[in-house]
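query.pdb follows (PDB, C-alpha atoms):
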ATOM      1  CA  MET X  28       0.231 -12.237  -6.081  1.00  0.00           C
ATOM      2  CA  THR X  29       0.276 -11.396  -9.761  1.00  0.00           C
ATOM      3  CA  SER X  30       0.658  -7.728 -10.458  1.00  0.00           C
ATOM      4  CA  ASN X  31       0.382  -5.598 -13.548  1.00  0.00           C
ATOM      5  CA  LEU X  32       3.110  -3.251 -12.346  1.00  0.00           C
ATOM      6  CA  ASP X  33       5.563  -2.207 -15.065  1.00  0.00           C
ATOM      7  CA  PRO X  34       8.309  -4.874 -14.880  1.00  0.00           C
ATOM      8  CA  ALA X  35      10.993  -2.184 -15.057  1.00  0.00           C
ATOM      9  CA  ILE X  36       9.637  -0.678 -11.841  1.00  0.00           C
ATOM     10  CA  ALA X  37       8.999  -4.053 -10.212  1.00  0.00           C
ATOM     11  CA  ALA X  38      12.604  -5.061 -10.857  1.00  0.00           C
ATOM     12  CA  ARG X  39      13.890  -2.052  -8.940  1.00  0.00           C
ATOM     13  CA  LEU X  40      11.437  -2.092  -6.042  1.00  0.00           C
ATOM     14  CA  LYS X  41      12.874  -3.271  -2.734  1.00  0.00           C
ATOM     15  CA  ARG X  42      10.176  -4.744  -0.558  1.00  0.00           C
ATOM     16  CA  SER X  43      10.032  -5.670   3.106  1.00  0.00           C
ATOM     17  CA  PRO X  44       9.893  -9.410   3.853  1.00  0.00           C
ATOM     18  CA  ASP X  45       6.093  -9.113   3.712  1.00  0.00           C
ATOM     19  CA  GLY X  46       6.288  -7.830   0.136  1.00  0.00           C
ATOM     20  CA  LEU X  47       5.319  -4.260   0.986  1.00  0.00           C
ATOM     21  CA  VAL X  48       6.861  -0.811   0.818  1.00  0.00           C
ATOM     22  CA  PRO X  49       5.843   2.150   2.969  1.00  0.00           C
ATOM     23  CA  ALA X  50       4.004   4.857   1.047  1.00  0.00           C
ATOM     24  CA  ILE X  51       3.923   8.421   2.328  1.00  0.00           C
ATOM     25  CA  ALA X  52       0.934  10.515   1.246  1.00  0.00           C
ATOM     26  CA  GLN X  53       1.649  14.230   1.105  1.00  0.00           C
ATOM     27  CA  GLN X  54      -0.725  17.054   0.214  1.00  0.00           C
ATOM     28  CA  TYR X  55       0.736  18.295  -3.061  1.00  0.00           C
ATOM     29  CA  ASP X  56       0.341  22.034  -2.462  1.00  0.00           C
ATOM     30  CA  THR X  57       0.623  22.619   1.293  1.00  0.00           C
ATOM     31  CA  GLY X  58       3.278  19.923   1.857  1.00  0.00           C
ATOM     32  CA  GLU X  59       1.387  18.412   4.799  1.00  0.00           C
ATOM     33  CA  VAL X  60       2.338  14.793   5.469  1.00  0.00           C
ATOM     34  CA  LEU X  61      -1.101  13.210   5.616  1.00  0.00           C
ATOM     35  CA  MET X  62      -0.525   9.544   6.429  1.00  0.00           C
ATOM     36  CA  LEU X  63       1.635   6.524   5.792  1.00  0.00           C
ATOM     37  CA  GLY X  64       0.210   3.409   4.189  1.00  0.00           C
ATOM     38  CA  TRP X  65       1.642   0.281   2.622  1.00  0.00           C
ATOM     39  CA  MET X  66       1.728  -0.846  -0.992  1.00  0.00           C
ATOM     40  CA  ASP X  67       2.509  -4.072  -2.734  1.00  0.00           C
ATOM     41  CA  ASP X  68       3.290  -4.110  -6.451  1.00  0.00           C
ATOM     42  CA  GLU X  69      -0.359  -4.166  -7.463  1.00  0.00           C
ATOM     43  CA  ALA X  70      -1.330  -1.316  -5.128  1.00  0.00           C
ATOM     44  CA  LEU X  71       1.482   0.754  -6.614  1.00  0.00           C
ATOM     45  CA  HIS X  72       0.316  -0.160 -10.106  1.00  0.00           C
ATOM     46  CA  ARG X  73      -3.245   0.911  -9.308  1.00  0.00           C
ATOM     47  CA  THR X  74      -2.005   4.131  -7.705  1.00  0.00           C
ATOM     48  CA  LEU X  75      -0.019   4.914 -10.860  1.00  0.00           C
ATOM     49  CA  THR X  76      -2.805   4.102 -13.272  1.00  0.00           C
ATOM     50  CA  THR X  77      -6.165   4.908 -11.694  1.00  0.00           C
ATOM     51  CA  GLY X  78      -5.545   8.387 -10.319  1.00  0.00           C
ATOM     52  CA  ARG X  79      -6.631   7.182  -6.865  1.00  0.00           C
ATOM     53  CA  CYS X  80      -4.245   6.313  -4.079  1.00  0.00           C
ATOM     54  CA  THR X  81      -4.518   2.603  -3.332  1.00  0.00           C
ATOM     55  CA  TYR X  82      -2.938   0.805  -0.385  1.00  0.00           C
ATOM     56  CA  TRP X  83      -2.646  -2.721   0.931  1.00  0.00           C
ATOM     57  CA  SER X  84      -4.318  -2.936   4.318  1.00  0.00           C
ATOM     58  CA  ARG X  85      -2.125  -5.020   6.601  1.00  0.00           C
ATOM     59  CA  SER X  86      -4.912  -5.372   9.162  1.00  0.00           C
ATOM     60  CA  ARG X  87      -7.637  -6.354   6.712  1.00  0.00           C
ATOM     61  CA  GLN X  88      -5.320  -8.052   4.185  1.00  0.00           C
ATOM     62  CA  GLU X  89      -7.022  -6.437   1.235  1.00  0.00           C
ATOM     63  CA  TYR X  90      -6.641  -3.560  -1.193  1.00  0.00           C
ATOM     64  CA  TRP X  91      -7.922  -0.287   0.092  1.00  0.00           C
ATOM     65  CA  VAL X  92      -8.791   2.543  -2.268  1.00  0.00           C
ATOM     66  CA  LYS X  93      -8.503   5.537   0.015  1.00  0.00           C
ATOM     67  CA  GLY X  94     -11.869   7.259   0.273  1.00  0.00           C
ATOM     68  CA  ASP X  95     -14.037   4.439  -1.066  1.00  0.00           C
ATOM     69  CA  THR X  96     -15.795   4.193   2.288  1.00  0.00           C
ATOM     70  CA  SER X  97     -15.228   7.655   3.768  1.00  0.00           C
ATOM     71  CA  GLY X  98     -15.370   9.754   0.624  1.00  0.00           C
ATOM     72  CA  HIS X  99     -12.013  11.167   1.650  1.00  0.00           C
ATOM     73  CA  VAL X 100     -10.400  10.419  -1.673  1.00  0.00           C
ATOM     74  CA  GLN X 101      -6.744  10.999  -2.508  1.00  0.00           C
ATOM     75  CA  HIS X 102      -6.331  12.181  -6.092  1.00  0.00           C
ATOM     76  CA  VAL X 103      -2.825  11.284  -7.246  1.00  0.00           C
ATOM     77  CA  ARG X 104      -0.661  14.141  -8.523  1.00  0.00           C
ATOM     78  CA  SER X 105       2.753  12.440  -8.639  1.00  0.00           C
ATOM     79  CA  VAL X 106       4.504   9.310  -7.443  1.00  0.00           C
ATOM     80  CA  ALA X 107       8.216   8.926  -6.725  1.00  0.00           C
ATOM     81  CA  LEU X 108      10.508   6.234  -5.367  1.00  0.00           C
ATOM     82  CA  ASP X 109      13.310   7.125  -3.025  1.00  0.00           C
ATOM     83  CA  CYS X 110      16.997   6.591  -3.765  1.00  0.00           C
ATOM     84  CA  ASP X 111      16.878   3.003  -2.491  1.00  0.00           C
ATOM     85  CA  ALA X 112      13.561   2.201  -4.218  1.00  0.00           C
ATOM     86  CA  ASP X 113      12.173   0.992  -0.906  1.00  0.00           C
ATOM     87  CA  THR X 114       9.790   3.864  -0.130  1.00  0.00           C
ATOM     88  CA  VAL X 115       7.071   5.592  -2.157  1.00  0.00           C
ATOM     89  CA  LEU X 116       6.117   9.256  -1.924  1.00  0.00           C
ATOM     90  CA  VAL X 117       2.694  10.033  -3.346  1.00  0.00           C
ATOM     91  CA  LYS X 118       1.706  13.647  -3.723  1.00  0.00           C
ATOM     92  CA  VAL X 119      -2.053  13.829  -3.608  1.00  0.00           C
ATOM     93  CA  ASP X 120      -4.956  16.192  -3.456  1.00  0.00           C
ATOM     94  CA  GLN X 121      -6.718  15.044  -0.289  1.00  0.00           C
ATOM     95  CA  VAL X 122     -10.491  15.463  -0.102  1.00  0.00           C
ATOM     96  CA  GLY X 123     -11.502  16.191   3.492  1.00  0.00           C
ATOM     97  CA  ALA X 124      -9.753  14.522   6.378  1.00  0.00           C
ATOM     98  CA  ALA X 125      -6.923  12.084   5.696  1.00  0.00           C
ATOM     99  CA  CYS X 126      -7.249  10.479   9.132  1.00  0.00           C
ATOM    100  CA  HIS X 127     -10.037   8.103  10.133  1.00  0.00           C
ATOM    101  CA  THR X 128     -10.350  10.138  13.341  1.00  0.00           C
ATOM    102  CA  GLY X 129     -11.518  13.118  11.317  1.00  0.00           C
ATOM    103  CA  ALA X 130      -8.262  15.009  11.712  1.00  0.00           C
ATOM    104  CA  ARG X 131      -6.730  16.556   8.630  1.00  0.00           C
ATOM    105  CA  THR X 132      -3.616  14.401   8.971  1.00  0.00           C
ATOM    106  CA  CYS X 133      -2.781  11.280  10.968  1.00  0.00           C
ATOM    107  CA  PHE X 134       0.010  13.182  12.730  1.00  0.00           C
ATOM    108  CA  ASP X 135      -1.999  16.024  14.261  1.00  0.00           C
ATOM    109  CA  ALA X 136      -2.984  14.529  17.604  1.00  0.00           C
ATOM    110  CA  ASP X 137       0.035  12.891  19.176  1.00  0.00           C
ATOM    111  CA  VAL X 138       3.003  15.262  19.402  1.00  0.00           C
ATOM    112  CA  LEU X 139       5.667  13.825  21.690  1.00  0.00           C
ATOM    113  CA  PRO X 140       7.538  15.905  24.248  1.00  0.00           C
ATOM    114  CA  LEU X 141      11.170  16.639  23.508  1.00  0.00           C
ATOM    115  CA  GLY X 142      13.185  15.735  26.588  1.00  0.00           C
ATOM    116  CA  THR X 143      16.710  15.850  27.815  1.00  0.00           C
ATOM    117  CA  PRO X 144      19.257  13.035  27.463  1.00  0.00           C
ATOM    118  CA  GLY X 145      19.135  12.313  31.172  1.00  0.00           C
ATOM    119  CA  LYS X 146      15.440  11.518  31.141  1.00  0.00           C
TER
ATOM    120  CA  MET Z  17      17.403  -4.343  23.386  1.00  0.00           C
ATOM    121  CA  THR Z  18      17.023  -2.195  26.467  1.00  0.00           C
ATOM    122  CA  SER Z  19      15.787   1.291  25.780  1.00  0.00           C
ATOM    123  CA  ASN Z  20      15.419   4.432  27.812  1.00  0.00           C
ATOM    124  CA  LEU Z  21      12.272   5.447  25.946  1.00  0.00           C
ATOM    125  CA  ASP Z  22       9.520   6.826  28.187  1.00  0.00           C
ATOM    126  CA  PRO Z  23       7.471   3.735  29.139  1.00  0.00           C
ATOM    127  CA  ALA Z  24       4.242   5.601  28.413  1.00  0.00           C
ATOM    128  CA  ILE Z  25       5.356   6.051  24.816  1.00  0.00           C
ATOM    129  CA  ALA Z  26       6.832   2.561  24.539  1.00  0.00           C
ATOM    130  CA  ALA Z  27       3.526   1.056  25.682  1.00  0.00           C
ATOM    131  CA  ARG Z  28       1.675   2.740  22.838  1.00  0.00           C
ATOM    132  CA  LEU Z  29       4.198   2.197  20.063  1.00  0.00           C
ATOM    133  CA  LYS Z  30       3.217  -0.437  17.498  1.00  0.00           C
ATOM    134  CA  ARG Z  31       6.288  -1.952  15.905  1.00  0.00           C
ATOM    135  CA  SER Z  32       6.807  -4.119  12.875  1.00  0.00           C
ATOM    136  CA  PRO Z  33       7.841  -7.725  13.564  1.00  0.00           C
ATOM    137  CA  ASP Z  34      11.462  -6.537  13.422  1.00  0.00           C
ATOM    138  CA  GLY Z  35      10.799  -4.074  16.258  1.00  0.00           C
ATOM    139  CA  LEU Z  36      10.971  -0.977  14.087  1.00  0.00           C
ATOM    140  CA  VAL Z  37       8.666   1.822  13.015  1.00  0.00           C
ATOM    141  CA  PRO Z  38       9.067   3.916   9.867  1.00  0.00           C
ATOM    142  CA  ALA Z  39      10.138   7.491  10.547  1.00  0.00           C
ATOM    143  CA  ILE Z  40       9.451  10.228   8.024  1.00  0.00           C
ATOM    144  CA  ALA Z  41      11.816  13.202   8.109  1.00  0.00           C
ATOM    145  CA  GLN Z  42      10.262  16.419   6.871  1.00  0.00           C
ATOM    146  CA  GLN Z  43      11.882  19.831   6.532  1.00  0.00           C
ATOM    147  CA  TYR Z  44      10.016  21.851   9.164  1.00  0.00           C
ATOM    148  CA  ASP Z  45       9.566  25.078   7.185  1.00  0.00           C
ATOM    149  CA  THR Z  46       9.340  24.114   3.511  1.00  0.00           C
ATOM    150  CA  GLY Z  47       7.399  20.889   4.116  1.00  0.00           C
ATOM    151  CA  GLU Z  48       9.729  18.853   1.884  1.00  0.00           C
ATOM    152  CA  VAL Z  49       9.668  15.133   2.649  1.00  0.00           C
ATOM    153  CA  LEU Z  50      13.378  14.444   2.969  1.00  0.00           C
ATOM    154  CA  MET Z  51      13.698  10.718   3.602  1.00  0.00           C
ATOM    155  CA  LEU Z  52      12.288   7.747   5.422  1.00  0.00           C
ATOM    156  CA  GLY Z  53      14.311   5.891   8.005  1.00  0.00           C
ATOM    157  CA  TRP Z  54      13.566   3.336  10.712  1.00  0.00           C
ATOM    158  CA  MET Z  55      13.593   3.662  14.468  1.00  0.00           C
ATOM    159  CA  ASP Z  56      13.494   1.245  17.330  1.00  0.00           C
ATOM    160  CA  ASP Z  57      12.573   2.419  20.829  1.00  0.00           C
ATOM    161  CA  GLU Z  58      16.079   3.601  21.613  1.00  0.00           C
ATOM    162  CA  ALA Z  59      16.483   5.502  18.335  1.00  0.00           C
ATOM    163  CA  LEU Z  60      13.194   7.264  19.064  1.00  0.00           C
ATOM    164  CA  HIS Z  61      14.374   8.031  22.588  1.00  0.00           C
ATOM    165  CA  ARG Z  62      17.605   9.515  21.288  1.00  0.00           C
ATOM    166  CA  THR Z  63      15.746  11.528  18.646  1.00  0.00           C
ATOM    167  CA  LEU Z  64      13.489  12.944  21.362  1.00  0.00           C
ATOM    168  CA  THR Z  65      16.269  13.773  23.786  1.00  0.00           C
ATOM    169  CA  THR Z  66      19.425  14.688  21.858  1.00  0.00           C
ATOM    170  CA  GLY Z  67      18.073  17.141  19.308  1.00  0.00           C
ATOM    171  CA  ARG Z  68      19.577  15.008  16.521  1.00  0.00           C
ATOM    172  CA  CYS Z  69      17.592  12.624  14.377  1.00  0.00           C
ATOM    173  CA  THR Z  70      18.763   9.076  15.058  1.00  0.00           C
ATOM    174  CA  TYR Z  71      17.761   6.004  13.078  1.00  0.00           C
ATOM    175  CA  TRP Z  72      18.346   2.284  13.180  1.00  0.00           C
ATOM    176  CA  SER Z  73      20.176   1.199  10.050  1.00  0.00           C
ATOM    177  CA  ARG Z  74      18.622  -2.027   8.816  1.00  0.00           C
ATOM    178  CA  SER Z  75      21.510  -2.670   6.433  1.00  0.00           C
ATOM    179  CA  ARG Z  76      24.282  -2.005   8.955  1.00  0.00           C
ATOM    180  CA  GLN Z  77      22.319  -3.129  12.032  1.00  0.00           C
ATOM    181  CA  GLU Z  78      23.475  -0.172  14.089  1.00  0.00           C
ATOM    182  CA  TYR Z  79      22.331   3.226  15.277  1.00  0.00           C
ATOM    183  CA  TRP Z  80      22.879   5.976  12.824  1.00  0.00           C
ATOM    184  CA  VAL Z  81      22.947   9.617  13.897  1.00  0.00           C
ATOM    185  CA  LYS Z  82      22.089  11.379  10.674  1.00  0.00           C
ATOM    186  CA  GLY Z  83      24.974  13.616   9.631  1.00  0.00           C
ATOM    187  CA  ASP Z  84      27.676  12.087  11.834  1.00  0.00           C
ATOM    188  CA  THR Z  85      29.583  11.010   8.749  1.00  0.00           C
ATOM    189  CA  SER Z  86      28.311  13.420   6.095  1.00  0.00           C
ATOM    190  CA  GLY Z  87      27.836  16.522   8.214  1.00  0.00           C
ATOM    191  CA  HIS Z  88      24.275  16.627   6.878  1.00  0.00           C
ATOM    192  CA  VAL Z  89      22.735  16.845  10.313  1.00  0.00           C
ATOM    193  CA  GLN Z  90      19.001  16.833  11.036  1.00  0.00           C
ATOM    194  CA  HIS Z  91      18.160  19.135  13.938  1.00  0.00           C
ATOM    195  CA  VAL Z  92      14.911  17.952  15.499  1.00  0.00           C
ATOM    196  CA  ARG Z  93      12.095  20.496  15.719  1.00  0.00           C
ATOM    197  CA  SER Z  94       9.160  18.235  16.618  1.00  0.00           C
ATOM    198  CA  VAL Z  95       8.233  14.574  16.759  1.00  0.00           C
ATOM    199  CA  ALA Z  96       4.743  13.104  16.406  1.00  0.00           C
ATOM    200  CA  LEU Z  97       3.214   9.652  16.271  1.00  0.00           C
ATOM    201  CA  ASP Z  98       0.388   8.903  13.898  1.00  0.00           C
ATOM    202  CA  CYS Z  99      -3.113   7.851  14.967  1.00  0.00           C
ATOM    203  CA  ASP Z 100      -2.097   4.184  15.123  1.00  0.00           C
ATOM    204  CA  ALA Z 101       1.225   4.872  16.863  1.00  0.00           C
ATOM    205  CA  ASP Z 102       2.996   2.868  14.183  1.00  0.00           C
ATOM    206  CA  THR Z 103       4.689   5.702  12.272  1.00  0.00           C
ATOM    207  CA  VAL Z 104       6.841   8.640  13.377  1.00  0.00           C
ATOM    208  CA  LEU Z 105       6.934  12.064  11.739  1.00  0.00           C
ATOM    209  CA  VAL Z 106      10.015  14.089  12.608  1.00  0.00           C
ATOM    210  CA  LYS Z 107      10.123  17.700  11.565  1.00  0.00           C
ATOM    211  CA  VAL Z 108      13.745  18.698  11.214  1.00  0.00           C
ATOM    212  CA  ASP Z 109      16.027  21.420  10.055  1.00  0.00           C
ATOM    213  CA  GLN Z 110      18.150  19.617   7.482  1.00  0.00           C
ATOM    214  CA  VAL Z 111      21.718  20.798   6.969  1.00  0.00           C
ATOM    215  CA  GLY Z 112      22.690  20.344   3.330  1.00  0.00           C
ATOM    216  CA  ALA Z 113      21.511  17.335   1.371  1.00  0.00           C
ATOM    217  CA  ALA Z 114      19.308  14.747   3.042  1.00  0.00           C
ATOM    218  CA  CYS Z 115      20.140  12.096   0.454  1.00  0.00           C
ATOM    219  CA  HIS Z 116      23.437  10.240   0.287  1.00  0.00           C
ATOM    220  CA  THR Z 117      23.443  10.923  -3.465  1.00  0.00           C
ATOM    221  CA  GLY Z 118      23.783  14.638  -2.744  1.00  0.00           C
ATOM    222  CA  ALA Z 119      20.198  15.408  -3.695  1.00  0.00           C
ATOM    223  CA  ARG Z 120      18.222  17.611  -1.342  1.00  0.00           C
ATOM    224  CA  THR Z 121      15.691  14.839  -0.714  1.00  0.00           C
ATOM    225  CA  CYS Z 122      15.699  11.098  -1.335  1.00  0.00           C
ATOM    226  CA  PHE Z 123      12.633  11.480  -3.560  1.00  0.00           C
ATOM    227  CA  ASP Z 124      13.987  13.926  -6.130  1.00  0.00           C
ATOM    228  CA  ALA Z 125      15.436  11.561  -8.718  1.00  0.00           C
ATOM    229  CA  ASP Z 126      12.952   8.790  -9.423  1.00  0.00           C
ATOM    230  CA  VAL Z 127       9.552  10.150 -10.373  1.00  0.00           C
ATOM    231  CA  LEU Z 128       7.393   7.384 -11.847  1.00  0.00           C
ATOM    232  CA  PRO Z 129       5.213   7.856 -14.915  1.00  0.00           C
ATOM    233  CA  LEU Z 130       1.471   7.968 -14.332  1.00  0.00           C
ATOM    234  CA  GLY Z 131      -0.118   5.534 -16.743  1.00  0.00           C
ATOM    235  CA  THR Z 132      -3.517   4.335 -17.779  1.00  0.00           C
ATOM    236  CA  PRO Z 133      -5.356   1.363 -16.277  1.00  0.00           C
ATOM    237  CA  GLY Z 134      -4.881  -0.656 -19.452  1.00  0.00           C
ATOM    238  CA  LYS Z 135      -1.116  -0.494 -19.299  1.00  0.00           C
TER
END
Structure rendered as structure tokens:
Amino acid sequence: MTSNLDPAIAARLKRSPDGLVPAIAQQYDTGEVLMLGWMDDEALHRTLTTGRCTYWSRSRQEYWVKGDTSGHVQHVRSVALDCDADTVLVKVDQVGAACHTGARTCFDADVLPLGTPGK
Amino acid sequence: MTSNLDPAIAARLKRSPDGLVPAIAQQYDTGEVLMLGWMDDEALHRTLTTGRCTYWSRSRQEYWVKGDTSGHVQHVRSVALDCDADTVLVKVDQVGAACHTGARTCFDADVLPLGTPGK
């Protein structure tokens, strides 16, 4: 789809076969990793220019401005690409719970046991 | 490929079409997001059981024990799945630089400008 993303950024971005890159949302001050979403070029453009973190929903196949339904907005503080330009890190100020379950982050509930190699 | 991952975890894990899940490595005490790698079932199993963060290299198509070549080992402190069981968060103690460029994290070098919607 047509995107308004800065062509200099678009030229560097390395996308998965489905045209997306993973985007990590991190609380800018506490460092909590809140969630991982997916962005296409246009979602990244909107995230960079609107002040609101915007993802591409793989399940609904539509843009998803975080918080539009829940009120749990992510105000964008900074956006960075990684060294391979295939992952986005968005530092945000998260209003309320990041997770649809009501948990502060999507990683709070399911800690896996560390085992031994023989397991 | 055959994996020794706990079947209870394997049954919940939601993989991309290529059989992988994104894995975020975070420094356990400072909260720095260090890098994002990819894991299949066996890489997750090894990460859970060996104490060393292990990824699947998409470019080399092989397992990659972080630090085996560089010495920049990631000692595993905790592992969690997100609410959808399609992303892994590994809290690690990173020895030296996480990034192959020598930077502490893979997200240090390429901060994108925040623009205006009209751009």
Which residue of Z:Ser75, Z:Thr103, Z:Asn20, Z:Thr65 approaches Ile51 (chain X) most closely, using all atoms listed in the file: Z:Thr103
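Polymer residues near (18.7, 1.9, 22.4): counting only C-alpha atoms with a cut-off of 7 Å, they are Met17, Thr18, Ser19, Asn20, Asp57, Glu58 and Ala59 of chain Z.
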Which residues of chain Z come within 8 Å of chain X, and what is each one's closest atom pair and distance in Å (one decimal), counting all atoms listed in the file, sorted by chain and residue number, as CSV?
residue,atom,partner,partner_atom,distance
Z:Asn20,CA,X:Lys146,CA,7.8
Z:Pro38,CA,X:Pro49,CA,7.8
Z:Thr46,CA,X:Gly58,CA,7.6
Z:Gly47,CA,X:Gly58,CA,4.8
Z:Glu48,CA,X:Gly58,CA,6.5
Z:Val49,CA,X:Val60,CA,7.9
Z:Met51,CA,X:Asp109,CA,7.5
Z:Leu52,CA,X:Thr114,CA,7.2
Z:Arg62,CA,X:Pro144,CA,7.3
Z:Leu64,CA,X:Leu141,CA,4.9
Z:Thr65,CA,X:Thr143,CA,4.6
Z:Thr66,CA,X:Pro144,CA,5.8
Z:Ser94,CA,X:Leu141,CA,7.4
Z:Val95,CA,X:Leu139,CA,5.6
Z:Ala96,CA,X:Val138,CA,4.1
Z:Leu97,CA,X:Asp137,CA,5.4
Z:Asp98,CA,X:Phe134,CA,4.5
Z:Cys99,CA,X:Cys133,CA,5.3
Z:Thr103,CA,X:Leu63,CA,7.2
Z:Leu105,CA,X:Phe134,CA,7.1
Z:Cys115,CA,X:Cys110,CA,7.6
Z:Thr117,CA,X:Cys110,CA,7.8
Z:Cys122,CA,X:Asp109,CA,4.9
Z:Phe123,CA,X:Asp109,CA,4.4
Z:Asp124,CA,X:Asp109,CA,7.5
Z:Ala125,CA,X:Cys110,CA,7.2
Z:Asp126,CA,X:Leu108,CA,5.4
Z:Val127,CA,X:Ala107,CA,4.1
Z:Leu128,CA,X:Ala107,CA,5.4
Z:Pro129,CA,X:Leu75,CA,7.2
Z:Leu130,CA,X:Leu75,CA,4.9
Z:Gly131,CA,X:Thr76,CA,4.6
Z:Thr132,CA,X:Thr76,CA,4.6
Z:Pro133,CA,X:Thr76,CA,4.8
Z:Lys135,CA,X:Thr76,CA,7.8
Explicit residues for the PyMOL selection byres ((chain Z and resi 73) around 12) (as a VMD selection string): chain Z and resid 36 to 39 52 to 56 59 70 to 72 74 to 82
Residue with smallest distance to Ala37 (chain X) - pool X:Asp95, X:Tyr55, X:Leu71, X:Gly123, counting only C-alpha atoms: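 Closest residue, counting only C-alpha atoms: X:Leu71.
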Straight-line distance linking CA of Leu29 (chain Z) with CA of Lys107 (chain Z), stated in Å to one decimal: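 Here the two named atoms are 18.6 Å from each other.
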Mobile chain Z fitted to chain X over all in-order Cα pairs, reported as a short mmCIF file (atom, residue, chain, number, x, y, z; two decimals) with C-alpha atoms, in the coordinates of the input:
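So out-v8.cif came out as:
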data_model
loop_
_atom_site.label_atom_id
_atom_site.label_comp_id
_atom_site.auth_asym_id
_atom_site.auth_seq_id
_atom_site.Cartn_x
_atom_site.Cartn_y
_atom_site.Cartn_z
CA MET Z 17 0.27 -12.26 -6.06
CA THR Z 18 0.28 -11.40 -9.74
CA SER Z 19 0.65 -7.73 -10.47
CA ASN Z 20 0.37 -5.59 -13.54
CA LEU Z 21 3.11 -3.25 -12.34
CA ASP Z 22 5.57 -2.22 -15.06
CA PRO Z 23 8.32 -4.87 -14.87
CA ALA Z 24 10.99 -2.18 -15.05
CA ILE Z 25 9.64 -0.68 -11.84
CA ALA Z 26 9.00 -4.05 -10.20
CA ALA Z 27 12.61 -5.07 -10.85
CA ARG Z 28 13.89 -2.06 -8.93
CA LEU Z 29 11.44 -2.09 -6.04
CA LYS Z 30 12.88 -3.26 -2.73
CA ARG Z 31 10.18 -4.74 -0.54
CA SER Z 32 10.03 -5.66 3.10
CA PRO Z 33 9.89 -9.40 3.86
CA ASP Z 34 6.09 -9.11 3.72
CA GLY Z 35 6.30 -7.82 0.13
CA LEU Z 36 5.32 -4.26 0.99
CA VAL Z 37 6.86 -0.81 0.82
CA PRO Z 38 5.84 2.16 2.97
CA ALA Z 39 4.00 4.86 1.05
CA ILE Z 40 3.92 8.42 2.32
CA ALA Z 41 0.94 10.51 1.24
CA GLN Z 42 1.65 14.23 1.10
CA GLN Z 43 -0.73 17.04 0.21
CA TYR Z 44 0.74 18.30 -3.07
CA ASP Z 45 0.34 22.04 -2.47
CA THR Z 46 0.61 22.61 1.28
CA GLY Z 47 3.27 19.93 1.84
CA GLU Z 48 1.38 18.41 4.78
CA VAL Z 49 2.33 14.79 5.47
CA LEU Z 50 -1.10 13.20 5.60
CA MET Z 51 -0.52 9.54 6.43
CA LEU Z 52 1.62 6.52 5.79
CA GLY Z 53 0.20 3.41 4.19
CA TRP Z 54 1.64 0.28 2.61
CA MET Z 55 1.71 -0.85 -0.99
CA ASP Z 56 2.50 -4.07 -2.73
CA ASP Z 57 3.28 -4.12 -6.45
CA GLU Z 58 -0.36 -4.16 -7.46
CA ALA Z 59 -1.34 -1.32 -5.12
CA LEU Z 60 1.48 0.75 -6.61
CA HIS Z 61 0.31 -0.16 -10.11
CA ARG Z 62 -3.23 0.92 -9.31
CA THR Z 63 -2.01 4.15 -7.71
CA LEU Z 64 -0.02 4.92 -10.86
CA THR Z 65 -2.80 4.11 -13.29
CA THR Z 66 -6.17 4.93 -11.70
CA GLY Z 67 -5.54 8.40 -10.32
CA ARG Z 68 -6.63 7.18 -6.87
CA CYS Z 69 -4.25 6.31 -4.08
CA THR Z 70 -4.54 2.59 -3.33
CA TYR Z 71 -2.94 0.81 -0.39
CA TRP Z 72 -2.65 -2.70 0.94
CA SER Z 73 -4.32 -2.92 4.33
CA ARG Z 74 -2.12 -4.99 6.61
CA SER Z 75 -4.88 -5.34 9.19
CA ARG Z 76 -7.62 -6.33 6.74
CA GLN Z 77 -5.31 -8.05 4.22
CA GLU Z 78 -7.02 -6.43 1.26
CA TYR Z 79 -6.64 -3.56 -1.17
CA TRP Z 80 -7.92 -0.30 0.09
CA VAL Z 81 -8.78 2.55 -2.26
CA LYS Z 82 -8.50 5.54 0.02
CA GLY Z 83 -11.87 7.27 0.28
CA ASP Z 84 -14.04 4.45 -1.07
CA THR Z 85 -15.79 4.20 2.28
CA SER Z 86 -15.23 7.65 3.78
CA GLY Z 87 -15.39 9.75 0.63
CA HIS Z 88 -12.01 11.17 1.66
CA VAL Z 89 -10.41 10.43 -1.67
CA GLN Z 90 -6.75 11.01 -2.51
CA HIS Z 91 -6.33 12.18 -6.10
CA VAL Z 92 -2.83 11.29 -7.25
CA ARG Z 93 -0.67 14.14 -8.53
CA SER Z 94 2.75 12.45 -8.65
CA VAL Z 95 4.50 9.33 -7.45
CA ALA Z 96 8.22 8.95 -6.73
CA LEU Z 97 10.50 6.25 -5.38
CA ASP Z 98 13.31 7.13 -3.03
CA CYS Z 99 17.00 6.59 -3.79
CA ASP Z 100 16.87 3.00 -2.51
CA ALA Z 101 13.56 2.20 -4.22
CA ASP Z 102 12.18 1.00 -0.91
CA THR Z 103 9.79 3.87 -0.13
CA VAL Z 104 7.07 5.59 -2.15
CA LEU Z 105 6.12 9.26 -1.92
CA VAL Z 106 2.69 10.04 -3.34
CA LYS Z 107 1.70 13.64 -3.73
CA VAL Z 108 -2.06 13.83 -3.61
CA ASP Z 109 -4.96 16.19 -3.46
CA GLN Z 110 -6.73 15.04 -0.30
CA VAL Z 111 -10.49 15.47 -0.11
CA GLY Z 112 -11.50 16.20 3.48
CA ALA Z 113 -9.74 14.51 6.37
CA ALA Z 114 -6.93 12.07 5.69
CA CYS Z 115 -7.24 10.47 9.12
CA HIS Z 116 -10.02 8.11 10.12
CA THR Z 117 -10.36 10.13 13.34
CA GLY Z 118 -11.52 13.11 11.29
CA ALA Z 119 -8.25 14.99 11.72
CA ARG Z 120 -6.74 16.54 8.62
CA THR Z 121 -3.61 14.40 8.97
CA CYS Z 122 -2.78 11.27 10.95
CA PHE Z 123 0.01 13.16 12.72
CA ASP Z 124 -1.99 16.01 14.25
CA ALA Z 125 -2.97 14.52 17.60
CA ASP Z 126 0.06 12.88 19.18
CA VAL Z 127 3.00 15.24 19.39
CA LEU Z 128 5.67 13.81 21.69
CA PRO Z 129 7.54 15.89 24.26
CA LEU Z 130 11.18 16.64 23.50
CA GLY Z 131 13.18 15.72 26.58
CA THR Z 132 16.71 15.82 27.83
CA PRO Z 133 19.25 13.02 27.47
CA GLY Z 134 19.11 12.29 31.19
CA LYS Z 135 15.42 11.51 31.16
#
